[in-house]
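The structure appears right after this line, and notes come after that.
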Amino acid sequence: MSTLVRDRATAQAAPTPAREPRRRPRRRTLLLGGAAAVWILGFLVLHGTSTLALPASELTDLHRSLNQFNAWVAANREDNPVFLYVFTPLRAAVDAVASLFITLFAASSTGLRLPEIGWLGTVGLLGWIAFAIGNARVALLSVAVFMFFGFQGLFLEATYTFALVLTAVLLTLLVGIPLGVLAGIYGRVAKVITPVLDFMQTLPTFVYLAPLALIFLIGPASAVIATVIYAAPPVIRLTAHGIRGIPENTREASDSLGTTGLQRLLTLQLPMARRTIVMGINQSTMAALSMVTIAALIAAPGLGQVVVRALQSLDVGTAVNAGLSIVLLAIMLDRVTTAASRRAEPGAARNRAVPRRTRHILLGATLVLALAMVQFSRTQLWAAAFPKELNIGPAIVQAVSSASQWMQANLSLFTVSFREAITTGILNPFQSLLTDTPFYILVAVIAIAAYALGGWKLAVLTTACLGVIIYLGLWSDSMVTLAGTLVATAVVMVLGIIFGVAMGRSGRVDQIVRPMLDAGQTMPAFVYLVPFLGLFGATRFTAIIAGIIYAAPVAIKITADGIGAISPTVVEAAVASGSTPWQVITKVQLPMARQTLALAANQGLIYVLAMVVVGALVGAGGLGYDVVAGFVQSALFGKGLAAGVAIVFLGILLDRMTQAAAATPARKIPSPKTSTT
């Protein structure tokens, strides 16, 4: 009670500082309102003029120049010194590592195309590794998952994907952990690489593929290199965070004993940061799986190719069967690396349920069993290739296809009506508002909004990004992608506020919902397209719905954490003053969590943008369609490459504007007045 009195007294005694920040929100509101008015007025008066529309089959001079550059690279690849001494040896080295694991687990290039270790040996060896770095539960999960791959008839494809993920993760750790250590020790290194990591993490996965395919050709090597670039930021960031997070007094105590820098790193910093580093490995592994599946567009073998072919032929049954395999592989990798991070926690060895000696005996016995299984798989044909008579994959495909056909026949009245209502009532008008407004008006409107949020520097940056998109000749397609992204993000934020507030206010709701959100975040982007393809068909609506489901978990979790972080004292004071739960939410918790909501919108935008681009595989159109068309048709390669660059600058624009909104200080919520003290 005395705390409430002090808070109220402080608020009443110092009213002057609270007035100054109010001017900025008021000016910001006026600027944003003025920009919206200019936009609507320009659309009504100049509708359909200066839209910079470019038909799908037409190219600009820039696109033709990029096509010529592509042809020049193909013609001079064998003679150019850069390719001869840099890119080609790098590709060969990566390809050699990838081929080693592919030959080991998937298939060799000779004879019956059997792997060095057959399915039985793979199951036994991976099960033992999961037991060694995790526990018995994740070992049993690993064995069950790989056995199920065989029952699905996708063991070969799954091992191809696993081999590429393993290759990419090893190379990522080889590069990422040293960089993370350097960034954690030296502040200058952190300042240099942090903007690069920010840039890498804002890029949708599609963007990596076209330039790497141009430089390294299509195939496993390009897929692995793209995956390393995409998966490196998490492990670099978390390694640096773990190194920097060591208490200063601990470091001073180590220095007082006369340890050198290398000794301090090996005996203190790395051991104490071990758990955080393993968490980074977990995040990089999940990112690697997501990227490897999408890299099927540049001929990466594995489950991704099965999904891509199924999506292109609208074969829902095959897509679901392969998508299920990807989900199970993601869950297995997540559980194994999560168990490893828990074992890396300080004091974990003392709290084990199984004594260390017993565990060593079990490890030795299971290793003998695993080696015996490996030997069987190398000598017995039945243990080398998974028995075809156990394949229930066709039955799964048929059942899913039948269910999809039934839903389309019996639920089409609802699904089609819902799809068309949203498309004609929301998507088409909003997309028309973006694509049919003169480009110069939209540039001015976005620049004003950027100035209102972050000042003149942000306005200049956004104007430059839009100028690059115009130069690339893809303004109209960029607006199509932007329309789908903004609509999906709006829905994501509605879901984020509804579920996030419920989780932040109730620990029980949080315990129920959070595991489902965690599971949703382990799934690669491809997987989200599959079920909605069966419900809504191949349309942009399908891509937007998939983007909403893909991005909602991160927005919900950030919102929940922001609501939960609000001081209980403030909430109790509001309740004591007679506020209803609705008033507490709308007048206290949401305003105080405004920066968190802006951060949730930032992350939701990035996730949605990545998914809407991937949605080009099911008819989303826009920049994603240009990228996919560039992979398929060599005549459109230049346009596809330009579309990838446009996605980069569109992502930078959205990221910086939402970051500026998140950095804006929230208004101080005055302490609720009470009648008694």
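Ligands are numbered from 1 in the order shown, residues from 1 within each chain, and chains are lettered A, B, ... in the order they appear in the structure tokens.
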(message) Neighbouring residues of Ala552 of chain A were defined as those with any atom within 9 Å, considering only C-alpha atoms; residues of the same chain fewer than 5 positions away were excluded. Please report them as a list in words.
(response)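 Close residues of Ala552 of chain A: Thr489, Val491, Val492, Met493, Leu495, Gly496, Leu517, Gly547, Lys557, Gly604, Tyr607 and Val608 of chain A.
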Can I get the selection written as a PDB file, in the first residue's frame, with all heavy atoms?
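Final output, result.pdb:
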ATOM      1  N   THR A 489       0.317 -10.280 -41.570  1.00  0.00           N
ATOM      2  CA  THR A 489       0.880  -9.793 -40.319  1.00  0.00           C
ATOM      3  C   THR A 489      -0.196  -9.201 -39.416  1.00  0.00           C
ATOM      4  O   THR A 489      -0.137  -9.355 -38.183  1.00  0.00           O
ATOM      5  CB  THR A 489       1.964  -8.746 -40.592  1.00  0.00           C
ATOM      6  OG1 THR A 489       2.967  -9.315 -41.447  1.00  0.00           O
ATOM      7  CG2 THR A 489       2.618  -8.280 -39.312  1.00  0.00           C
ATOM      8  N   VAL A 491      -3.281 -10.212 -39.179  1.00  0.00           N
ATOM      9  CA  VAL A 491      -3.961 -11.350 -38.547  1.00  0.00           C
ATOM     10  C   VAL A 491      -3.055 -11.980 -37.489  1.00  0.00           C
ATOM     11  O   VAL A 491      -3.513 -12.385 -36.411  1.00  0.00           O
ATOM     12  CB  VAL A 491      -4.378 -12.384 -39.606  1.00  0.00           C
ATOM     13  CG1 VAL A 491      -5.059 -13.577 -38.952  1.00  0.00           C
ATOM     14  CG2 VAL A 491      -5.304 -11.755 -40.632  1.00  0.00           C
ATOM     15  N   VAL A 492      -1.761 -12.075 -37.803  1.00  0.00           N
ATOM     16  CA  VAL A 492      -0.805 -12.637 -36.840  1.00  0.00           C
ATOM     17  C   VAL A 492      -0.820 -11.828 -35.549  1.00  0.00           C
ATOM     18  O   VAL A 492      -0.804 -12.391 -34.435  1.00  0.00           O
ATOM     19  CB  VAL A 492       0.609 -12.673 -37.449  1.00  0.00           C
ATOM     20  CG1 VAL A 492       1.665 -12.909 -36.363  1.00  0.00           C
ATOM     21  CG2 VAL A 492       0.709 -13.762 -38.503  1.00  0.00           C
ATOM     22  N   MET A 493      -0.864 -10.506 -35.648  1.00  0.00           N
ATOM     23  CA  MET A 493      -0.856  -9.678 -34.447  1.00  0.00           C
ATOM     24  C   MET A 493      -2.160  -9.807 -33.663  1.00  0.00           C
ATOM     25  O   MET A 493      -2.152  -9.749 -32.428  1.00  0.00           O
ATOM     26  CB  MET A 493      -0.602  -8.212 -34.821  1.00  0.00           C
ATOM     27  CG  MET A 493       0.823  -7.948 -35.254  1.00  0.00           C
ATOM     28  SD  MET A 493       2.040  -8.546 -34.054  1.00  0.00           S
ATOM     29  CE  MET A 493       1.583  -7.638 -32.582  1.00  0.00           C
ATOM     30  N   LEU A 495      -3.927 -12.584 -33.491  1.00  0.00           N
ATOM     31  CA  LEU A 495      -3.737 -13.851 -32.787  1.00  0.00           C
ATOM     32  C   LEU A 495      -2.708 -13.697 -31.668  1.00  0.00           C
ATOM     33  O   LEU A 495      -2.870 -14.265 -30.576  1.00  0.00           O
ATOM     34  CB  LEU A 495      -3.285 -14.931 -33.766  1.00  0.00           C
ATOM     35  CG  LEU A 495      -4.275 -15.325 -34.864  1.00  0.00           C
ATOM     36  CD1 LEU A 495      -3.636 -16.326 -35.825  1.00  0.00           C
ATOM     37  CD2 LEU A 495      -5.540 -15.918 -34.258  1.00  0.00           C
ATOM     38  N   GLY A 496      -1.654 -12.947 -31.943  1.00  0.00           N
ATOM     39  CA  GLY A 496      -0.622 -12.747 -30.933  1.00  0.00           C
ATOM     40  C   GLY A 496      -1.165 -12.060 -29.693  1.00  0.00           C
ATOM     41  O   GLY A 496      -0.832 -12.439 -28.556  1.00  0.00           O
ATOM     42  N   LEU A 517       3.247 -24.180 -29.313  1.00  0.00           N
ATOM     43  CA  LEU A 517       3.954 -23.153 -30.072  1.00  0.00           C
ATOM     44  C   LEU A 517       5.398 -23.569 -30.336  1.00  0.00           C
ATOM     45  O   LEU A 517       5.926 -23.348 -31.436  1.00  0.00           O
ATOM     46  CB  LEU A 517       3.924 -21.830 -29.314  1.00  0.00           C
ATOM     47  CG  LEU A 517       2.545 -21.244 -29.028  1.00  0.00           C
ATOM     48  CD1 LEU A 517       2.681 -19.945 -28.243  1.00  0.00           C
ATOM     49  CD2 LEU A 517       1.768 -21.007 -30.313  1.00  0.00           C
ATOM     50  N   GLY A 547       1.285 -18.627 -44.085  1.00  0.00           N
ATOM     51  CA  GLY A 547       2.166 -17.633 -43.478  1.00  0.00           C
ATOM     52  C   GLY A 547       1.687 -17.206 -42.101  1.00  0.00           C
ATOM     53  O   GLY A 547       2.489 -16.998 -41.185  1.00  0.00           O
ATOM     54  N   LYS A 557       4.390 -15.829 -28.506  1.00  0.00           N
ATOM     55  CA  LYS A 557       5.337 -16.010 -27.406  1.00  0.00           C
ATOM     56  C   LYS A 557       5.948 -14.677 -26.973  1.00  0.00           C
ATOM     57  O   LYS A 557       6.113 -14.418 -25.772  1.00  0.00           O
ATOM     58  CB  LYS A 557       6.422 -17.002 -27.824  1.00  0.00           C
ATOM     59  CG  LYS A 557       5.919 -18.429 -27.923  1.00  0.00           C
ATOM     60  CD  LYS A 557       6.921 -19.345 -28.590  1.00  0.00           C
ATOM     61  CE  LYS A 557       8.132 -19.588 -27.749  1.00  0.00           C
ATOM     62  NZ  LYS A 557       9.032 -20.589 -28.352  1.00  0.00           N
ATOM     63  N   GLY A 604       7.009 -11.073 -36.603  1.00  0.00           N
ATOM     64  CA  GLY A 604       5.929 -11.624 -37.412  1.00  0.00           C
ATOM     65  C   GLY A 604       6.060 -11.238 -38.872  1.00  0.00           C
ATOM     66  O   GLY A 604       5.831 -12.057 -39.773  1.00  0.00           O
ATOM     67  N   TYR A 607       8.840 -13.369 -40.517  1.00  0.00           N
ATOM     68  CA  TYR A 607       8.389 -14.741 -40.737  1.00  0.00           C
ATOM     69  C   TYR A 607       7.353 -14.812 -41.858  1.00  0.00           C
ATOM     70  O   TYR A 607       7.386 -15.707 -42.707  1.00  0.00           O
ATOM     71  CB  TYR A 607       7.798 -15.314 -39.437  1.00  0.00           C
ATOM     72  CG  TYR A 607       8.816 -15.914 -38.508  1.00  0.00           C
ATOM     73  CD1 TYR A 607       9.746 -15.123 -37.846  1.00  0.00           C
ATOM     74  CD2 TYR A 607       8.857 -17.272 -38.267  1.00  0.00           C
ATOM     75  CE1 TYR A 607      10.682 -15.661 -36.986  1.00  0.00           C
ATOM     76  CE2 TYR A 607       9.788 -17.831 -37.400  1.00  0.00           C
ATOM     77  CZ  TYR A 607      10.700 -17.011 -36.765  1.00  0.00           C
ATOM     78  OH  TYR A 607      11.630 -17.556 -35.916  1.00  0.00           O
ATOM     79  N   VAL A 608       6.416 -13.880 -41.859  1.00  0.00           N
ATOM     80  CA  VAL A 608       5.372 -13.877 -42.892  1.00  0.00           C
ATOM     81  C   VAL A 608       5.985 -13.633 -44.263  1.00  0.00           C
ATOM     82  O   VAL A 608       5.613 -14.294 -45.250  1.00  0.00           O
ATOM     83  CB  VAL A 608       4.311 -12.807 -42.570  1.00  0.00           C
ATOM     84  CG1 VAL A 608       3.416 -12.564 -43.777  1.00  0.00           C
ATOM     85  CG2 VAL A 608       3.456 -13.250 -41.399  1.00  0.00           C
TER      86      VAL A 608
END
Counting only C-alpha atoms, what are the residues of segment 501-522 of chain A within 10 Å of segment 328-338 of chain A, and for each of them which pair of atoms is the nearest and at what distance in Å, to one decimal? Sort the table by chain and rising number, as a tab-separated table.
residue	atom	partner	partner_atom	distance
A:Ala519	CA	A:Ile331	CA	7.5
A:Gly520	CA	A:Ile331	CA	9.8
A:Gln521	CA	A:Ala330	CA	9.7
A:Thr522	CA	A:Ala330	CA	6.0
For those residues, write N, CA, C and O atoms to a file as a compact mmCIF listing (two decimals), in the first residue's frame.
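The resulting file, again_1.txt, is shown below:
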# COMPACT_ATOMS: atom_id res chain seq x y z
N ALA A 519 6.48 -26.61 -30.61
CA ALA A 519 6.44 -27.64 -31.66
C ALA A 519 6.21 -27.02 -33.03
O ALA A 519 6.82 -27.43 -34.02
N GLY A 520 5.36 -25.99 -33.08
CA GLY A 520 5.11 -25.33 -34.35
C GLY A 520 6.34 -24.64 -34.91
O GLY A 520 6.54 -24.61 -36.13
N GLN A 521 7.18 -24.12 -34.02
CA GLN A 521 8.38 -23.42 -34.49
C GLN A 521 9.47 -24.37 -34.97
O GLN A 521 10.43 -23.92 -35.59
N THR A 522 9.35 -25.66 -34.68
CA THR A 522 10.35 -26.60 -35.18
C THR A 522 10.08 -27.02 -36.61
O THR A 522 10.95 -27.62 -37.24
Identify, on the basis of only C-alpha atoms, every residue whose closest approach to Thr542 of chain A does not exceed 8 Å; exclude the query and any residue fewer than 2 positions from it along the same chain; express the result as a PDB file with C-alpha atoms, in the first residue's frame.
ATOM      1  CA  LEU A 529       1.699 -25.239 -47.186  1.00  0.00           C
ATOM      2  CA  PHE A 532      -3.944 -25.799 -46.570  1.00  0.00           C
ATOM      3  CA  LEU A 533      -3.298 -26.871 -50.146  1.00  0.00           C
ATOM      4  CA  PHE A 536      -8.135 -24.177 -50.191  1.00  0.00           C
ATOM      5  CA  GLY A 537      -6.339 -25.242 -53.376  1.00  0.00           C
ATOM      6  CA  ALA A 538      -3.372 -23.551 -55.043  1.00  0.00           C
ATOM      7  CA  THR A 539      -4.096 -19.849 -54.468  1.00  0.00           C
ATOM      8  CA  ARG A 540      -2.425 -16.875 -52.812  1.00  0.00           C
ATOM      9  CA  ILE A 544      -1.254 -16.237 -46.720  1.00  0.00           C
ATOM     10  CA  ILE A 545      -3.010 -18.665 -44.356  1.00  0.00           C
ATOM     11  CA  ALA A 546       0.157 -20.783 -44.197  1.00  0.00           C
ATOM     12  CA  GLY A 615       3.984 -19.645 -51.049  1.00  0.00           C
ATOM     13  CA  VAL A 618       1.105 -22.764 -54.493  1.00  0.00           C
ATOM     14  CA  ALA A 620       0.999 -16.755 -54.288  1.00  0.00           C
TER      15      ALA A 620
END
(message) Quick one: residues within 8 Å of Ser142 of chain A, only C-alpha atoms, excluding same-chain residues fewer than 2 positions away - as JSON, numbers by chain?
(response) {"A": [123, 126, 127, 130, 138, 139, 140, 144, 145, 146, 332]}
Keeping only N, CA and C atoms, write those residues as a CSV table (one decimal), in the first residue's frame.
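See result_12.csv below for the written result:
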chain,number,residue,atom,x,y,z
A,123,VAL,N,20.0,-46.9,-38.1
A,123,VAL,CA,19.1,-46.8,-36.9
A,123,VAL,C,19.9,-47.1,-35.6
A,126,LEU,N,22.7,-44.1,-35.0
A,126,LEU,CA,22.1,-42.8,-34.6
A,126,LEU,C,21.4,-42.9,-33.3
A,127,GLY,N,20.8,-44.1,-33.0
A,127,GLY,CA,20.2,-44.3,-31.7
A,127,GLY,C,21.2,-44.2,-30.6
A,130,ALA,N,22.3,-40.6,-30.1
A,130,ALA,CA,21.3,-39.8,-29.4
A,130,ALA,C,21.4,-40.2,-27.9
A,138,VAL,N,15.3,-39.8,-25.9
A,138,VAL,CA,15.5,-39.3,-27.2
A,138,VAL,C,16.2,-40.4,-28.1
A,139,ALA,N,16.9,-41.3,-27.5
A,139,ALA,CA,17.4,-42.4,-28.3
A,139,ALA,C,16.3,-43.3,-28.9
A,140,LEU,N,15.3,-43.6,-28.0
A,140,LEU,CA,14.2,-44.4,-28.5
A,140,LEU,C,13.4,-43.6,-29.6
A,144,ALA,N,12.7,-44.8,-33.4
A,144,ALA,CA,11.3,-44.8,-33.9
A,144,ALA,C,11.1,-44.0,-35.1
A,145,VAL,N,11.7,-42.8,-35.1
A,145,VAL,CA,11.5,-41.9,-36.3
A,145,VAL,C,12.1,-42.5,-37.5
A,146,PHE,N,13.4,-43.0,-37.4
A,146,PHE,CA,14.0,-43.5,-38.6
A,146,PHE,C,13.3,-44.8,-39.1
A,332,MET,N,12.8,-34.8,-33.9
A,332,MET,CA,13.9,-35.6,-33.4
A,332,MET,C,15.2,-34.8,-33.2
(request) Would you mind reading off the distance between atom CA of Leu458 of chain A and atom CA of Lys191 of chain A, one decimal, in Å? (result) 20.1 Å
(message) I'd like the contact shell of Tyr160 of chain A - 8 Å cut-off, only C-alpha atoms, skipping same-chain residues fewer than 3 positions apart - returned as a list in words.
(response) Ile102, Phe105, Ala106, Leu156, Glu157, Ala163, Leu164, Pro301, Gly302 and Leu303 of chain A
Would you put the residues from that selection into a file with all heavy atoms, as a short mmCIF file (atom, residue, chain, number, x, y, z; two decimals), in the first residue's frame?
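Writing the result to again_8.cif gives the following:
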data_model
loop_
_atom_site.label_atom_id
_atom_site.label_comp_id
_atom_site.auth_asym_id
_atom_site.auth_seq_id
_atom_site.Cartn_x
_atom_site.Cartn_y
_atom_site.Cartn_z
N ILE A 102 26.55 -38.65 -47.51
CA ILE A 102 25.54 -39.25 -48.38
C ILE A 102 25.89 -40.71 -48.65
O ILE A 102 25.04 -41.60 -48.59
CB ILE A 102 25.41 -38.45 -49.69
CG1 ILE A 102 24.73 -37.10 -49.43
CG2 ILE A 102 24.63 -39.24 -50.73
CD1 ILE A 102 24.70 -36.19 -50.62
N PHE A 105 25.28 -42.77 -45.30
CA PHE A 105 23.92 -43.01 -44.80
C PHE A 105 22.89 -43.25 -45.90
O PHE A 105 21.88 -43.92 -45.65
CB PHE A 105 23.45 -41.83 -43.95
CG PHE A 105 24.22 -41.66 -42.68
CD1 PHE A 105 25.05 -40.57 -42.50
CD2 PHE A 105 24.11 -42.59 -41.66
CE1 PHE A 105 25.75 -40.40 -41.33
CE2 PHE A 105 24.82 -42.43 -40.47
CZ PHE A 105 25.64 -41.33 -40.31
N ALA A 106 23.08 -42.66 -47.08
CA ALA A 106 22.02 -42.69 -48.09
C ALA A 106 22.30 -43.71 -49.18
O ALA A 106 21.68 -44.78 -49.21
CB ALA A 106 21.83 -41.29 -48.69
N LEU A 156 15.30 -43.59 -47.87
CA LEU A 156 16.39 -43.06 -48.69
C LEU A 156 16.33 -41.53 -48.73
O LEU A 156 17.35 -40.86 -48.52
CB LEU A 156 16.32 -43.63 -50.10
CG LEU A 156 17.38 -43.12 -51.09
CD1 LEU A 156 18.78 -43.50 -50.62
CD2 LEU A 156 17.11 -43.68 -52.49
N GLU A 157 15.15 -40.99 -48.98
CA GLU A 157 15.01 -39.53 -49.05
C GLU A 157 15.32 -38.88 -47.69
O GLU A 157 15.96 -37.83 -47.62
CB GLU A 157 13.60 -39.15 -49.49
CG GLU A 157 13.28 -39.46 -50.94
CD GLU A 157 12.96 -40.93 -51.19
OE1 GLU A 157 12.91 -41.70 -50.19
OE2 GLU A 157 12.77 -41.31 -52.34
N ALA A 163 21.78 -36.38 -44.16
CA ALA A 163 23.20 -36.24 -44.51
C ALA A 163 23.54 -34.79 -44.85
O ALA A 163 24.59 -34.27 -44.43
CB ALA A 163 23.53 -37.15 -45.69
N LEU A 164 22.66 -34.11 -45.58
CA LEU A 164 22.92 -32.71 -45.93
C LEU A 164 22.85 -31.82 -44.68
O LEU A 164 23.65 -30.89 -44.53
CB LEU A 164 21.93 -32.24 -46.99
CG LEU A 164 22.07 -32.87 -48.37
CD1 LEU A 164 21.05 -32.29 -49.33
CD2 LEU A 164 23.48 -32.65 -48.93
N PRO A 301 19.01 -33.12 -52.97
CA PRO A 301 18.22 -34.34 -52.85
C PRO A 301 17.57 -34.46 -51.48
O PRO A 301 18.00 -33.81 -50.52
CB PRO A 301 19.27 -35.44 -53.06
CG PRO A 301 20.56 -34.84 -52.60
CD PRO A 301 20.46 -33.38 -52.94
N GLY A 302 16.55 -35.30 -51.40
CA GLY A 302 15.95 -35.57 -50.11
C GLY A 302 14.46 -35.31 -50.09
O GLY A 302 13.78 -35.27 -51.12
N LEU A 303 13.94 -35.13 -48.88
CA LEU A 303 12.50 -34.98 -48.69
C LEU A 303 11.97 -33.70 -49.33
O LEU A 303 10.82 -33.65 -49.76
CB LEU A 303 12.20 -34.96 -47.19
CG LEU A 303 12.48 -36.26 -46.43
CD1 LEU A 303 12.41 -36.03 -44.93
CD2 LEU A 303 11.51 -37.35 -46.85
#
(request) Find the residues around Leu182 of chain A up to 12 Å (only C-alpha atoms counted), leave out those fewer than 4 positions away in its own chain, and share them as a list of chain:residue names. (result)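 The neighbour list is A:Val175, A:Gly176, A:Ile177, A:Pro178, A:Tyr186, A:Gly187, A:Arg188, A:Val189, A:Ala190, A:Lys191, A:Val192, A:Ile193, A:Ile236, A:Arg237, A:Thr239, A:Ala240, A:His241, A:Gly242, A:Ile243, A:Arg244, A:Gly261, A:Leu262, A:Leu265, A:Gln269, A:Leu270.
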